[in-house]
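Trainee: Below is the file final.cif, with mmCIF, C-alpha atoms and all ligand atoms.
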```
data_coords
loop_
_atom_site.label_atom_id
_atom_site.label_comp_id
_atom_site.auth_asym_id
_atom_site.auth_seq_id
_atom_site.Cartn_x
_atom_site.Cartn_y
_atom_site.Cartn_z
CA MET B 1 0.00 0.00 0.00
CA ASN B 2 1.03 3.60 -0.53
CA LEU B 3 1.52 5.42 2.72
CA VAL B 4 0.25 8.97 2.44
CA LYS B 5 3.33 10.52 3.97
CA SER B 6 4.28 13.71 2.19
CA PRO B 7 2.41 16.87 3.14
CA ALA B 8 1.51 17.30 -0.55
CA ALA B 9 -0.04 13.83 -0.70
CA VAL B 10 -1.98 14.46 2.50
CA ARG B 11 -3.31 17.71 1.06
CA LYS B 12 -4.39 15.95 -2.12
CA MET B 13 -6.15 13.19 -0.21
CA ARG B 14 -7.96 15.80 1.85
CA THR B 15 -9.01 17.62 -1.29
CA SER B 16 -10.33 14.44 -2.91
CA GLY B 17 -12.27 13.56 0.22
CA ARG B 18 -13.75 17.02 0.48
CA LEU B 19 -14.82 17.05 -3.18
CA LEU B 20 -16.44 13.66 -2.78
CA ALA B 21 -18.31 14.84 0.31
CA GLU B 22 -19.58 17.85 -1.65
CA VAL B 23 -20.84 15.63 -4.48
CA ILE B 24 -22.51 13.23 -2.06
CA HIS B 25 -24.16 16.16 -0.32
CA GLU B 26 -25.69 17.26 -3.63
CA VAL B 27 -26.79 13.74 -4.54
CA ARG B 28 -28.32 13.12 -1.13
CA GLN B 29 -30.52 16.20 -1.57
CA ALA B 30 -31.87 14.69 -4.78
CA VAL B 31 -32.90 11.36 -3.27
CA GLU B 32 -36.69 11.29 -3.16
CA ALA B 33 -39.65 9.30 -4.40
CA GLY B 34 -39.97 9.64 -8.18
CA VAL B 35 -36.30 10.08 -8.99
CA THR B 36 -34.52 7.28 -10.82
CA THR B 37 -31.09 5.98 -9.91
CA ALA B 38 -30.00 6.75 -13.49
CA GLU B 39 -30.84 10.40 -12.77
CA LEU B 40 -28.84 10.23 -9.54
CA ASP B 41 -25.97 8.73 -11.49
CA ALA B 42 -26.08 11.55 -14.05
CA LEU B 43 -26.13 14.12 -11.25
CA THR B 44 -23.19 12.38 -9.55
CA GLU B 45 -21.16 12.48 -12.73
CA SER B 46 -21.94 16.12 -13.55
CA GLU B 47 -21.23 17.31 -9.98
CA THR B 48 -17.95 15.39 -10.06
CA ARG B 49 -16.75 16.70 -13.42
CA LYS B 50 -17.84 20.24 -12.51
CA ARG B 51 -15.23 20.07 -9.74
CA GLY B 52 -12.52 18.82 -12.08
CA ALA B 53 -12.60 15.33 -10.58
CA VAL B 54 -13.11 11.98 -12.30
CA PRO B 55 -15.68 9.34 -11.29
CA ALA B 56 -13.75 6.28 -10.13
CA PHE B 57 -16.32 3.55 -10.71
CA LYS B 58 -17.27 4.32 -14.31
CA GLY B 59 -15.20 1.99 -16.44
CA TYR B 60 -13.89 0.14 -13.38
CA GLN B 61 -12.88 -3.29 -14.57
CA VAL B 62 -12.89 -6.67 -12.89
CA GLY B 63 -11.68 -9.22 -15.42
CA ARG B 64 -13.70 -8.49 -18.54
CA ASP B 65 -16.59 -6.85 -16.68
CA VAL B 66 -16.72 -3.06 -16.85
CA PHE B 67 -18.90 -1.08 -14.43
CA PRO B 68 -21.12 1.18 -16.56
CA ALA B 69 -21.92 4.03 -14.15
CA SER B 70 -20.39 6.61 -11.82
CA LEU B 71 -22.61 5.62 -8.93
CA CYS B 72 -23.40 2.27 -7.36
CA ALA B 73 -27.09 2.32 -6.47
CA SER B 74 -28.22 -0.72 -4.49
CA LYS B 75 -31.89 -0.96 -3.61
CA ASN B 76 -33.52 -2.98 -0.80
CA ASP B 77 -32.06 -6.50 -0.89
CA GLN B 78 -29.18 -5.28 -3.06
CA VAL B 79 -26.06 -4.97 -0.92
CA VAL B 80 -23.50 -3.31 -3.18
CA HIS B 81 -22.59 -2.68 -6.83
CA GLY B 82 -26.16 -2.10 -8.02
CA ILE B 83 -26.31 -0.58 -11.50
CA PRO B 84 -28.38 2.63 -11.81
CA ASP B 85 -31.54 2.20 -13.89
CA ASP B 86 -34.68 4.01 -15.05
CA GLU B 87 -36.99 2.72 -12.35
CA ALA B 88 -38.21 5.49 -10.06
CA LEU B 89 -37.54 5.23 -6.34
CA SER B 90 -40.65 5.09 -4.20
CA GLU B 91 -41.62 5.47 -0.55
CA GLY B 92 -40.54 2.37 1.32
CA ASP B 93 -37.35 1.83 -0.67
CA LEU B 94 -34.05 1.49 1.13
CA ILE B 95 -31.33 2.78 -1.17
CA SER B 96 -27.56 2.52 -0.71
CA LEU B 97 -25.44 4.88 -2.77
CA ASP B 98 -21.71 4.28 -3.10
CA PHE B 99 -19.41 6.62 -4.94
CA GLY B 100 -15.71 7.13 -5.60
CA LEU B 101 -13.71 9.79 -7.39
CA SER B 102 -10.16 10.76 -8.13
CA PHE B 103 -8.68 14.23 -8.18
CA ASP B 104 -5.07 15.06 -8.97
CA GLY B 105 -4.15 11.39 -8.76
CA TYR B 106 -5.74 10.58 -5.40
CA TYR B 107 -8.90 8.62 -4.67
CA ALA B 108 -11.74 8.93 -2.18
CA ASP B 109 -14.65 6.52 -1.62
CA SER B 110 -17.80 6.82 0.48
CA ALA B 111 -21.28 5.33 0.80
CA PHE B 112 -24.50 5.82 2.69
CA SER B 113 -27.95 4.24 2.93
CA VAL B 114 -31.24 6.06 3.24
CA TYR B 115 -34.86 4.96 3.56
CA LEU B 116 -37.55 6.83 1.65
CA GLY B 117 -40.29 7.75 4.07
CA LYS B 118 -40.61 6.74 7.70
CA PRO B 119 -38.76 3.47 8.23
CA PRO B 120 -40.19 0.63 10.31
CA PRO B 121 -38.31 0.49 13.64
CA ARG B 122 -36.21 -2.52 12.71
CA VAL B 123 -35.11 -0.85 9.45
CA GLN B 124 -34.21 2.32 11.33
CA GLU B 125 -32.18 0.13 13.66
CA LEU B 126 -30.38 -1.47 10.71
CA LEU B 127 -29.40 1.98 9.45
CA ASP B 128 -28.39 3.25 12.88
CA VAL B 129 -26.37 0.19 13.83
CA THR B 130 -24.56 0.01 10.49
CA GLU B 131 -23.61 3.69 10.61
CA ALA B 132 -22.62 3.46 14.28
CA ALA B 133 -20.48 0.40 13.49
CA LEU B 134 -18.65 2.45 10.87
CA TYR B 135 -17.89 5.23 13.35
CA THR B 136 -16.86 2.75 16.03
CA ALA B 137 -14.35 1.23 13.62
CA VAL B 138 -13.14 4.67 12.55
CA SER B 139 -12.49 5.64 16.16
CA CYS B 140 -10.10 2.74 16.63
CA ALA B 141 -8.28 3.23 13.30
CA LYS B 142 -5.04 4.53 14.73
CA SER B 143 -1.40 3.70 14.90
CA GLY B 144 -0.82 0.54 16.92
CA ALA B 145 -4.27 -0.96 16.28
CA ARG B 146 -4.61 -4.04 14.07
CA VAL B 147 -6.89 -4.50 11.08
CA GLY B 148 -8.68 -7.26 13.00
CA ASP B 149 -9.58 -4.76 15.74
CA LEU B 150 -11.66 -2.75 13.28
CA GLY B 151 -13.50 -5.77 11.91
CA ASN B 152 -14.10 -7.07 15.40
CA ARG B 153 -15.72 -3.81 16.46
CA ILE B 154 -18.04 -3.84 13.47
CA GLN B 155 -18.93 -7.52 13.75
CA THR B 156 -19.55 -7.37 17.48
CA LYS B 157 -21.80 -4.35 17.26
CA CYS B 158 -23.87 -5.60 14.33
CA GLU B 159 -24.24 -9.18 15.42
CA ALA B 160 -25.20 -8.11 18.95
CA ALA B 161 -28.15 -6.32 17.34
CA GLY B 162 -29.09 -9.47 15.45
CA PHE B 163 -27.89 -8.34 12.03
CA GLY B 164 -25.71 -10.16 9.49
CA VAL B 165 -22.24 -8.95 8.51
CA VAL B 166 -21.35 -9.55 4.88
CA ARG B 167 -18.10 -11.49 4.58
CA ASN B 168 -17.26 -11.63 0.89
CA PHE B 169 -16.97 -7.87 0.33
CA VAL B 170 -14.66 -5.80 2.50
CA GLY B 171 -13.10 -2.39 3.00
CA HIS B 172 -9.69 -1.55 1.62
CA GLY B 173 -6.69 0.71 1.55
CA ILE B 174 -7.05 3.70 -0.76
CA GLY B 175 -4.76 6.42 -2.09
CA GLU B 176 -3.15 6.57 -5.50
CA ARG B 177 -5.44 3.70 -6.44
CA LEU B 178 -9.08 3.06 -5.55
CA HIS B 179 -8.42 -0.34 -4.03
CA GLU B 180 -5.13 -0.96 -2.27
CA GLU B 181 -3.84 -3.24 0.43
CA PRO B 182 -4.81 -4.00 3.10
CA ALA B 183 -8.22 -5.63 2.90
CA VAL B 184 -10.33 -4.32 5.78
CA PRO B 185 -12.90 -7.01 6.64
CA ASN B 186 -15.98 -6.13 8.66
CA PHE B 187 -15.35 -9.11 10.90
CA GLY B 188 -12.36 -10.54 12.67
CA LYS B 189 -10.46 -11.11 15.88
CA ARG B 190 -8.93 -8.41 18.01
CA GLY B 191 -5.15 -8.29 17.97
CA THR B 192 -4.86 -9.99 14.57
CA GLY B 193 -4.01 -8.75 11.09
CA LEU B 194 -1.79 -5.96 9.85
CA SER B 195 -0.59 -3.34 12.34
CA LEU B 196 -1.91 0.08 11.45
CA ARG B 197 0.26 3.17 11.37
CA SER B 198 0.10 6.84 10.53
CA GLY B 199 0.00 7.63 6.84
CA MET B 200 -2.27 4.72 6.00
CA CYS B 201 -5.56 5.57 4.37
CA LEU B 202 -8.47 3.15 4.66
CA ALA B 203 -11.95 2.90 3.18
CA ILE B 204 -13.95 1.39 6.03
CA GLU B 205 -17.32 0.10 4.87
CA PRO B 206 -19.62 -2.18 6.84
CA MET B 207 -22.21 -4.00 4.70
CA VAL B 208 -24.91 -5.28 7.00
CA THR B 209 -28.08 -7.29 6.45
CA MET B 210 -31.34 -7.71 8.26
CA GLY B 211 -31.13 -11.49 7.91
CA SER B 212 -28.51 -13.91 6.69
CA ALA B 213 -25.16 -12.40 5.69
CA ARG B 214 -24.90 -14.64 2.64
CA THR B 215 -24.96 -12.95 -0.74
CA ILE B 216 -25.23 -13.84 -4.40
CA THR B 217 -24.20 -11.87 -7.48
CA LEU B 218 -26.86 -11.39 -10.14
CA GLY B 219 -26.53 -12.23 -13.82
CA ASP B 220 -25.39 -8.68 -14.64
CA ARG B 221 -22.18 -9.83 -12.88
CA TRP B 222 -22.16 -6.76 -10.59
CA THR B 223 -25.26 -6.49 -8.44
CA VAL B 224 -24.79 -8.24 -5.10
CA VAL B 225 -28.02 -9.20 -3.29
CA THR B 226 -28.76 -10.97 -0.03
CA ARG B 227 -29.45 -14.62 -0.63
CA ASP B 228 -32.49 -14.58 1.65
CA GLY B 229 -33.92 -11.35 0.20
CA SER B 230 -33.44 -9.39 3.41
CA LEU B 231 -32.67 -5.68 3.38
CA ALA B 232 -29.07 -4.45 3.46
CA ALA B 233 -27.33 -1.25 4.52
CA HIS B 234 -23.90 0.15 3.65
CA PHE B 235 -21.98 3.07 5.11
CA GLU B 236 -18.43 4.02 4.13
CA HIS B 237 -15.84 6.69 4.78
CA THR B 238 -12.29 7.24 3.60
CA VAL B 239 -10.15 7.67 6.70
CA LEU B 240 -6.57 8.92 6.99
CA LEU B 241 -4.56 7.70 9.96
CA THR B 242 -2.62 10.68 11.32
CA ASP B 243 -0.30 11.10 14.29
CA ASP B 244 -3.28 12.74 16.01
CA GLY B 245 -5.65 9.84 15.29
CA PRO B 246 -8.18 9.01 12.57
CA GLU B 247 -9.29 11.78 10.24
CA ILE B 248 -12.44 11.20 8.16
CA LEU B 249 -11.69 12.71 4.75
CA THR B 250 -15.09 12.21 3.13
CA THR B 251 -17.05 14.64 5.25
CA LEU B 252 -18.05 18.30 5.08
CA ASP B 253 -17.60 18.75 8.84
MG MG B 301 -17.39 2.70 -1.92
MG MG B 302 -14.85 1.16 -0.96
#
```
Show this structure as structure tokens.
Ligand code: MG
Ligand code: MG

Mentor:
Amino acid sequence: MNLVKSPAAVRKMRTSGRLLAEVIHEVRQAVEAGVTTAELDALTESETRKRGAVPAFKGYQVGRDVFPASLCASKNDQVVHGIPDDEALSEGDLISLDFGLSFDGYYADSAFSVYLGKPPPRVQELLDVTEAALYTAVSCAKSGARVGDLGNRIQTKCEAAGFGVVRNFVGHGIGERLHEEPAVPNFGKRGTGLSLRSGMCLAIEPMVTMGSARTITLGDRWTVVTRDGSLAAHFEHTVLLTDDGPEILTTLD
């Protein structure tokens, strides 16, 4: 992995994170019943290019499969990597939006889930617990901690609430490339895995389900859904480990 060590690199990572947070802010405002995920994708791309940045997912290649959009839009039982389409969102949909960009050679990556309308209590709990698990993991992402500590925090919190933690998709290092070492699983044992240190930059991203954690990938070769059809939530931030502790880059705060 590339350690983000030089002050110039740190500045560029902060800029990428900030730009991404701005784009996500705009897109979040547009999420409502009646809008299509293709429209959200178009907005994501235009807000990104307006800022001189480049969408990171459009054209992203795994083997021979090329992701066709700037935004991953995963609805209801879709966990991640949903492809935007022309179907309008409606009240009662749970939508997860995941987005990455690069600016001046450095990447940022973030995701959030939102329910349209007033969520049933258990769905609200899924959202709250998944987001809280992200922030719990962020708070322990500092020099001296191990990768397994982060996963353990997420797994413990989510499973204690009776939710499933997806195993076959994980967080990752990020910097001069979108996906770098190390893998950052959302499960694990404390005191195991790579030792973290300042200068590392991680995309931490719990993917949590209301039922079984098992997933399948649809025939489009991208869209990941829960095998049992249960709802899923996904929250992600890009986090820089500094000498003063974790710094969330993908936020407007
Ligand atoms: Mg992401
Ligand atoms: Mg990511």

Trainee: Report the distance between atom CA of B:Ala213 and atom CA of B:Val165 in Å, rounded to one decimal place.

Mentor: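 Pair atom CA of B:Ala213 / atom CA of B:Val165 returns 5.3 Å.
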
Trainee: Tell me, in Å to one decimal, how far atom CA of B:Val62 is from atom CA of B:Glu22.

Mentor: 27.8 Å

Trainee: Please find the residues contacting ligand MG 301 (chain B) at a distance of at most 12 Å between atoms, with only C-alpha atoms and all ligand atoms counted, and report them as a PyMOL selection string.

Mentor: chain B and resi 20+24+55-57+70-74+79-82+96-101+107-113+169-174+178-179+202-207+234-238+250

Trainee: Neighbours of stretch 40-48 of chain B within 8 Å (only C-alpha atoms; same-chain residues fewer than 3 positions away dropped), as a PDB file with C-alpha atoms, keeping the file's coordinate frame?

Mentor:
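Dumped to around_23.pdb:
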```pdb
ATOM      1  CA  LEU B  19     -14.820  17.050  -3.180  1.00  0.00           C
ATOM      2  CA  LEU B  20     -16.440  13.660  -2.780  1.00  0.00           C
ATOM      3  CA  VAL B  23     -20.840  15.630  -4.480  1.00  0.00           C
ATOM      4  CA  ILE B  24     -22.510  13.230  -2.060  1.00  0.00           C
ATOM      5  CA  GLU B  26     -25.690  17.260  -3.630  1.00  0.00           C
ATOM      6  CA  VAL B  27     -26.790  13.740  -4.540  1.00  0.00           C
ATOM      7  CA  ALA B  30     -31.870  14.690  -4.780  1.00  0.00           C
ATOM      8  CA  VAL B  31     -32.900  11.360  -3.270  1.00  0.00           C
ATOM      9  CA  VAL B  35     -36.300  10.080  -8.990  1.00  0.00           C
ATOM     10  CA  THR B  36     -34.520   7.280 -10.820  1.00  0.00           C
ATOM     11  CA  THR B  37     -31.090   5.980  -9.910  1.00  0.00           C
ATOM     12  CA  ARG B  51     -15.230  20.070  -9.740  1.00  0.00           C
ATOM     13  CA  GLY B  52     -12.520  18.820 -12.080  1.00  0.00           C
ATOM     14  CA  ALA B  53     -12.600  15.330 -10.580  1.00  0.00           C
ATOM     15  CA  VAL B  54     -13.110  11.980 -12.300  1.00  0.00           C
ATOM     16  CA  PRO B  55     -15.680   9.340 -11.290  1.00  0.00           C
ATOM     17  CA  ALA B  69     -21.920   4.030 -14.150  1.00  0.00           C
ATOM     18  CA  SER B  70     -20.390   6.610 -11.820  1.00  0.00           C
ATOM     19  CA  LEU B  71     -22.610   5.620  -8.930  1.00  0.00           C
ATOM     20  CA  PRO B  84     -28.380   2.630 -11.810  1.00  0.00           C
ATOM     21  CA  LEU B 101     -13.710   9.790  -7.390  1.00  0.00           C
TER      22      LEU B 101
END
```

Trainee: From the options B:Gly148, B:Gly63, B:Pro121, B:Gly229, which residue's atoms come nearest to B:Gly188, counting all atoms listed in the file?

Mentor: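 Using all atoms listed in the file, B:Gly188 sits closest to B:Gly148.
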